[in-house]
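Colleague: One structure coming up, written as structure tokens, with questions to follow.
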Amino acid sequence: MSTPTKDQIKALEQSRQRLVQLTHSLASLIGSLNQSDPLPSWPSLQSQATILSNNLLSISEHLSENQPLLSSLVAYPGPDFPGRTQAPTLEQLLRTKLDPRVEDWVARGRRRAVPDTNTNSNDNGNNDGNENDNDHDLSEHDLAELWHWAPVEANREARQRDWGGDYTLEEREGGVANVVTGLRRVLDDGEDDMGSTSGSSEGEGNEGQGEEEEMEVVGVRMRPGAGLLPVVVGLSLILLLGARMVMAPVVPLEGILRFMTTGAQPSQR
Amino acid sequence: MHELLLFASVPAHQHHELLQQLAGLTAMQPRHRLERRLIFKAYRKPGLINTRVGASQDLQGNEMQRLNKMLNGGMFYTQVVGPLDESDFGLSSSPSAGDPDDAAMSGTDEIPTNRPAYSYENQPWKLEFRDIPEAGTRSAVTARLMASSSLPKGDISTPMTAWGYSFVSEYVVEGDIFVLNDIVIFLHRVLHYPTEPQSHEPRRELPPLSDMTLLERSGSYVLQASITVQDGGNQEMMKTASQHLFGLREQLKSAVRLEQADRLSLDTRAK
């Protein structure tokens, strides 16, 4: 056994730095999740996730590059190590088994990874198109079925709604006057008695900007207990967007404003 | 004065609901408003342009340049706005109806039961100047310089011509006004006259209101929220005003999307 060379120490140092980076970005993510109220916006979460995955990627690259070195390295205390005062550190350093908690994580990760690698080798080995029946993912067949089912279902759901107004058909049939309405409901779509289910659709609407916000205007309301998949919600939003485009003004706002300022006839779309 | 604005397009089917929503929000009934708006365009008076190509020996070059700039630069479209009443529409103004005293003096046998006809001679006018919205403002509101002043009643095209403006066209704006604190909310749409004007000047008679055609055939409305700031140089005031507008935008978020207007669509510079 010889003392590590400069290169080897450098490799060790690099792994330390990358791990420090990873812990930092993890800590900042946790901190922002814990502290910021409301929760951080999607873009910021996304960018943090990207940073994390980049960190992980560089660490795993680095580890696999230096695998021979790292697996052959052995730590042992020198004679001048202050073993009495630094006993916990020493124990940490000399420990060969993983922390029980960490062991659990690793085991869980291994278990999850196994089926995936199995199917990959299956697909590579015999290309008979045998779909895996993994319970985490939908098979291609199931996906196709879902896509076939969803538009029809979404359309059906969409037809039951009156997209033009703020009242649903049920509300209209029951008499608009009976609906407890007023400004509060208008300003806050979640106020009415359908709030329990409309929450999910509004959640959809709030995520993005642009189109989805516009769709929030009408507010997709579902029957309680309809239990629709998010896919359907998304699709009905798309349908709704289409419907709105039909009703949209012929002359864009810019055209009207331009006419009002200079008298220039707006070009008809 | 400065004006901060946000706009939104309101589809016709949403108009009624929005009116009620705004009435609730502002705790006031809508004030119906009819306006005829005349668009005038500044033009260069022939003879004022005095370009001297290659006159390098001109000693007063600088001064001339400045004068030319003052005379030729800054040609703007300007609006002349006159308030109307629904009863003004659809009645031709008889030339003799100018003096109501005549009818009163002529005795009781001929009671002037006819409604007050639209009288172009008594139409009050307001000159409204709007600059092109400021460019590159970081806040998401349209801000522009504005000024308005009262004009003499009656025939307006003669004084306007004398001031170097030519009549371009006119239209009628129909809508409702709400006021919420310092925000003026104007939900309006543009109406066209059914016929082209015979002469190139403001019309003296108004057709029936029902004959007016919509500029936007689907009948959509424009929602305009505006705040007027007396001192546009006061950044603090401008900031507060835009904050108020953003507050309104937030309040109306579930109903309409108030946005900054396209700057060039409000370009009042005359080319």
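Identifiers for the structure tokens are assigned positionally: chains receive A, B, ... in sequence, residues are indexed from 1 per chain, and ligands are indexed from 1 in the order shown.
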Any idea which chain B residues end up within 8 Å of chain A if we count only C-alpha atoms, as a PyMOL selection string please?
Modeller: chain B and resi 8-9+11+13-14+21+24-25+39+77-79+168-170+190+215-220+222+251-257+261-262+265-268
Colleague: Include N, CA and C atoms and write out the residues we just selected as an mmCIF file, in the first residue's frame.
Modeller:
```cif
data_model
loop_
_atom_site.group_PDB
_atom_site.id
_atom_site.type_symbol
_atom_site.label_atom_id
_atom_site.label_comp_id
_atom_site.auth_asym_id
_atom_site.auth_seq_id
_atom_site.Cartn_x
_atom_site.Cartn_y
_atom_site.Cartn_z
ATOM 1 N N ALA B 8 -58.596 45.420 -22.479
ATOM 2 C CA ALA B 8 -58.982 44.024 -22.629
ATOM 3 C C ALA B 8 -60.066 43.957 -23.682
ATOM 4 N N SER B 9 -60.072 42.877 -24.398
ATOM 5 C CA SER B 9 -61.112 42.647 -25.379
ATOM 6 C C SER B 9 -62.198 41.811 -24.715
ATOM 7 N N PRO B 11 -65.619 39.714 -25.407
ATOM 8 C CA PRO B 11 -66.560 39.165 -26.386
ATOM 9 C C PRO B 11 -67.982 39.604 -26.058
ATOM 10 N N HIS B 13 -70.785 38.143 -25.866
ATOM 11 C CA HIS B 13 -71.617 37.358 -24.954
ATOM 12 C C HIS B 13 -71.249 37.605 -23.497
ATOM 13 N N GLN B 14 -70.068 38.134 -23.295
ATOM 14 C CA GLN B 14 -69.635 38.358 -21.915
ATOM 15 C C GLN B 14 -70.005 39.760 -21.424
ATOM 16 N N GLN B 21 -70.720 42.622 -13.211
ATOM 17 C CA GLN B 21 -69.564 42.419 -12.343
ATOM 18 C C GLN B 21 -68.927 43.752 -11.988
ATOM 19 N N GLY B 24 -70.946 45.660 -9.560
ATOM 20 C CA GLY B 24 -70.737 45.180 -8.209
ATOM 21 C C GLY B 24 -69.408 45.623 -7.649
ATOM 22 N N LEU B 25 -68.405 45.526 -8.494
ATOM 23 C CA LEU B 25 -67.057 45.857 -8.035
ATOM 24 C C LEU B 25 -66.939 47.330 -7.666
ATOM 25 N N ILE B 39 -61.675 62.428 -35.966
ATOM 26 C CA ILE B 39 -60.229 62.308 -36.025
ATOM 27 C C ILE B 39 -59.684 63.376 -36.953
ATOM 28 N N TYR B 77 -52.086 62.841 -34.913
ATOM 29 C CA TYR B 77 -53.534 62.712 -35.008
ATOM 30 C C TYR B 77 -54.134 63.238 -33.706
ATOM 31 N N THR B 78 -55.200 63.928 -33.828
ATOM 32 C CA THR B 78 -55.848 64.461 -32.638
ATOM 33 C C THR B 78 -57.340 64.189 -32.739
ATOM 34 N N GLN B 79 -57.934 63.968 -31.596
ATOM 35 C CA GLN B 79 -59.358 63.669 -31.614
ATOM 36 C C GLN B 79 -60.155 64.833 -31.058
ATOM 37 N N VAL B 168 -60.141 63.649 -40.860
ATOM 38 C CA VAL B 168 -59.872 62.330 -41.433
ATOM 39 C C VAL B 168 -61.148 61.508 -41.486
ATOM 40 N N SER B 169 -61.709 61.224 -40.331
ATOM 41 C CA SER B 169 -62.957 60.473 -40.329
ATOM 42 C C SER B 169 -63.606 60.640 -38.961
ATOM 43 N N GLU B 170 -64.742 60.052 -38.802
ATOM 44 C CA GLU B 170 -65.401 60.135 -37.506
ATOM 45 C C GLU B 170 -66.139 58.852 -37.228
ATOM 46 N N VAL B 190 -67.098 50.588 -30.862
ATOM 47 C CA VAL B 190 -67.101 51.620 -31.893
ATOM 48 C C VAL B 190 -68.245 51.372 -32.868
ATOM 49 N N LEU B 215 -68.194 48.382 -35.759
ATOM 50 C CA LEU B 215 -66.869 48.216 -36.351
ATOM 51 C C LEU B 215 -66.454 46.759 -36.223
ATOM 52 N N GLU B 216 -66.729 46.220 -35.049
ATOM 53 C CA GLU B 216 -66.384 44.825 -34.779
ATOM 54 C C GLU B 216 -67.668 44.043 -34.929
ATOM 55 N N ARG B 217 -67.774 43.272 -36.010
ATOM 56 C CA ARG B 217 -69.079 42.731 -36.352
ATOM 57 C C ARG B 217 -69.628 41.761 -35.318
ATOM 58 N N SER B 218 -68.749 41.113 -34.569
ATOM 59 C CA SER B 218 -69.262 40.191 -33.560
ATOM 60 C C SER B 218 -69.774 40.945 -32.333
ATOM 61 N N GLY B 219 -69.629 42.273 -32.343
ATOM 62 C CA GLY B 219 -70.190 43.064 -31.251
ATOM 63 C C GLY B 219 -69.360 43.053 -29.989
ATOM 64 N N SER B 220 -68.109 42.762 -30.119
ATOM 65 C CA SER B 220 -67.276 42.711 -28.921
ATOM 66 C C SER B 220 -66.980 44.121 -28.422
ATOM 67 N N VAL B 222 -64.483 46.795 -25.929
ATOM 68 C CA VAL B 222 -63.135 47.030 -25.438
ATOM 69 C C VAL B 222 -63.263 47.552 -24.009
ATOM 70 N N GLN B 251 -58.037 41.794 -9.622
ATOM 71 C CA GLN B 251 -59.417 41.580 -9.207
ATOM 72 C C GLN B 251 -60.280 41.041 -10.340
ATOM 73 N N LEU B 252 -59.972 41.489 -11.544
ATOM 74 C CA LEU B 252 -60.793 41.077 -12.681
ATOM 75 C C LEU B 252 -60.210 39.859 -13.374
ATOM 76 N N LYS B 253 -59.199 39.285 -12.776
ATOM 77 C CA LYS B 253 -58.449 38.233 -13.467
ATOM 78 C C LYS B 253 -59.351 37.092 -13.912
ATOM 79 N N SER B 254 -60.329 36.745 -13.085
ATOM 80 C CA SER B 254 -61.151 35.598 -13.452
ATOM 81 C C SER B 254 -62.176 35.961 -14.514
ATOM 82 N N ALA B 255 -62.346 37.234 -14.800
ATOM 83 C CA ALA B 255 -63.342 37.631 -15.801
ATOM 84 C C ALA B 255 -62.685 38.047 -17.118
ATOM 85 N N VAL B 256 -61.776 38.971 -17.053
ATOM 86 C CA VAL B 256 -61.104 39.422 -18.274
ATOM 87 C C VAL B 256 -59.611 39.554 -18.001
ATOM 88 N N ARG B 257 -58.868 39.587 -19.083
ATOM 89 C CA ARG B 257 -57.438 39.765 -18.949
ATOM 90 C C ARG B 257 -57.061 41.158 -19.400
ATOM 91 N N ALA B 261 -51.583 47.653 -24.073
ATOM 92 C CA ALA B 261 -51.942 47.636 -25.484
ATOM 93 C C ALA B 261 -50.672 47.645 -26.327
ATOM 94 N N ASP B 262 -50.820 47.156 -27.531
ATOM 95 C CA ASP B 262 -49.716 47.226 -28.478
ATOM 96 C C ASP B 262 -49.396 48.701 -28.724
ATOM 97 N N SER B 265 -50.258 50.305 -32.017
ATOM 98 C CA SER B 265 -51.662 50.481 -32.367
ATOM 99 C C SER B 265 -52.199 51.782 -31.784
ATOM 100 N N LEU B 266 -51.496 52.350 -30.849
ATOM 101 C CA LEU B 266 -51.913 53.636 -30.286
ATOM 102 C C LEU B 266 -51.005 54.759 -30.785
ATOM 103 N N ASP B 267 -50.342 54.490 -31.887
ATOM 104 C CA ASP B 267 -49.404 55.466 -32.432
ATOM 105 C C ASP B 267 -50.184 56.624 -33.043
ATOM 106 N N THR B 268 -50.054 57.787 -32.438
ATOM 107 C CA THR B 268 -50.818 58.927 -32.942
ATOM 108 C C THR B 268 -49.993 59.804 -33.869
#
```
Colleague: Residues at most 7 Å from stretch 29-38 of chain B, counting only C-alpha atoms, excluding those fewer than 4 positions away in the same chain, as a list in words?
Modeller: Ala23, Gln79, Val80, Val81, Gly82, Pro83, Leu84, Asp85, Ser169, Glu170, Tyr171, Val172, Val173, Glu174, Gly175, Asp176, Ile177 and Phe178 of chain B
Colleague: Nearest to B:Thr142 among B:Glu236, B:Glu259, B:Glu17, B:Glu250, with distances taken over only C-alpha atoms: which residue is it?
Modeller: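 Among the listed residues, the smallest separation from B:Thr142 belongs to B:Glu259.
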Colleague: What is the distance, in Å and to one decimal place, between atom CA of A:Leu56 and atom CA of A:Arg112?
Modeller: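 Computed distance, atom CA of A:Leu56 to atom CA of A:Arg112, equals 17.7 Å.
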Colleague: Kindly give the distance, in Å, that separates atom CA of A:Pro77 and atom CA of A:Thr89, rounded to a single decimal.
Modeller: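 Separating atom CA of A:Pro77 from atom CA of A:Thr89 is a distance of 10.8 Å.
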Colleague: Go ahead and compute the interatomic distance for atom CA of B:Ser148 and atom CA of B:Lys126, in Å to one decimal.
Modeller: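 About the pair atom CA of B:Ser148 and atom CA of B:Lys126: they are 6.7 Å apart.
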Colleague: If we count only C-alpha atoms and set the cut-off at 12 Å, which residues sit around A:Ala11, ignoring sequence neighbours fewer than 6 positions away in its own chain? Please answer as a ChimeraX atom specification.
Modeller: /A:4-5,17-18,59,62-70,73
Colleague: Pull N, CA, C and O atoms from the residues just selected and write them as a compact mmCIF listing (two decimals), in the first residue's frame.
Modeller:
```
# COMPACT_ATOMS: atom_id res chain seq x y z
N PRO A 4 -1.48 7.84 -1.60
CA PRO A 4 -2.09 8.21 -2.90
C PRO A 4 -1.26 9.26 -3.64
O PRO A 4 -0.62 10.11 -3.02
N THR A 5 -1.29 9.16 -4.96
CA THR A 5 -0.58 10.14 -5.77
C THR A 5 -1.37 11.45 -5.80
O THR A 5 -2.52 11.52 -5.34
N GLN A 17 -15.98 17.96 -3.63
CA GLN A 17 -16.58 19.22 -4.05
C GLN A 17 -17.95 19.01 -4.69
O GLN A 17 -18.90 19.74 -4.43
N ARG A 18 -18.02 17.99 -5.52
CA ARG A 18 -19.31 17.78 -6.19
C ARG A 18 -20.39 17.38 -5.20
O ARG A 18 -21.55 17.79 -5.33
N ILE A 59 -21.84 13.86 -10.67
CA ILE A 59 -21.29 13.00 -9.61
C ILE A 59 -21.19 11.56 -10.10
O ILE A 59 -20.15 10.91 -9.94
N HIS A 62 -18.41 11.17 -12.49
CA HIS A 62 -17.14 11.24 -11.81
C HIS A 62 -16.85 9.94 -11.06
O HIS A 62 -15.74 9.39 -11.13
N LEU A 63 -17.87 9.43 -10.37
CA LEU A 63 -17.67 8.21 -9.60
C LEU A 63 -17.34 7.03 -10.50
O LEU A 63 -16.44 6.24 -10.19
N SER A 64 -18.07 6.92 -11.60
CA SER A 64 -17.80 5.77 -12.45
C SER A 64 -16.44 5.90 -13.13
O SER A 64 -15.76 4.91 -13.37
N GLU A 65 -16.03 7.14 -13.40
CA GLU A 65 -14.70 7.34 -13.98
C GLU A 65 -13.61 6.85 -13.03
O GLU A 65 -12.65 6.20 -13.45
N ASN A 66 -13.79 7.19 -11.78
CA ASN A 66 -12.73 6.88 -10.82
C ASN A 66 -13.04 5.63 -10.01
O ASN A 66 -12.53 5.45 -8.91
N GLN A 67 -13.92 4.81 -10.57
CA GLN A 67 -14.37 3.65 -9.81
C GLN A 67 -13.20 2.79 -9.32
O GLN A 67 -13.18 2.42 -8.14
N PRO A 68 -12.21 2.44 -10.19
CA PRO A 68 -11.12 1.59 -9.71
C PRO A 68 -10.40 2.19 -8.51
O PRO A 68 -10.16 1.49 -7.50
N LEU A 69 -10.12 3.48 -8.60
CA LEU A 69 -9.41 4.13 -7.50
C LEU A 69 -10.24 4.12 -6.22
O LEU A 69 -9.79 3.69 -5.16
N LEU A 70 -11.52 4.57 -6.36
CA LEU A 70 -12.33 4.73 -5.17
C LEU A 70 -12.62 3.40 -4.49
O LEU A 70 -12.69 3.33 -3.26
N LEU A 73 -9.44 2.27 -2.51
CA LEU A 73 -8.91 3.12 -1.43
C LEU A 73 -9.37 2.60 -0.06
O LEU A 73 -10.52 2.17 0.08
```
Colleague: Which neighbours of B:Val179 fall inside 8 Å, counting only C-alpha atoms, when residues of the same chain fewer than 6 positions from it are skipped, and could you give them as a ChimeraX atom specification?
Modeller: /B:26,28,185
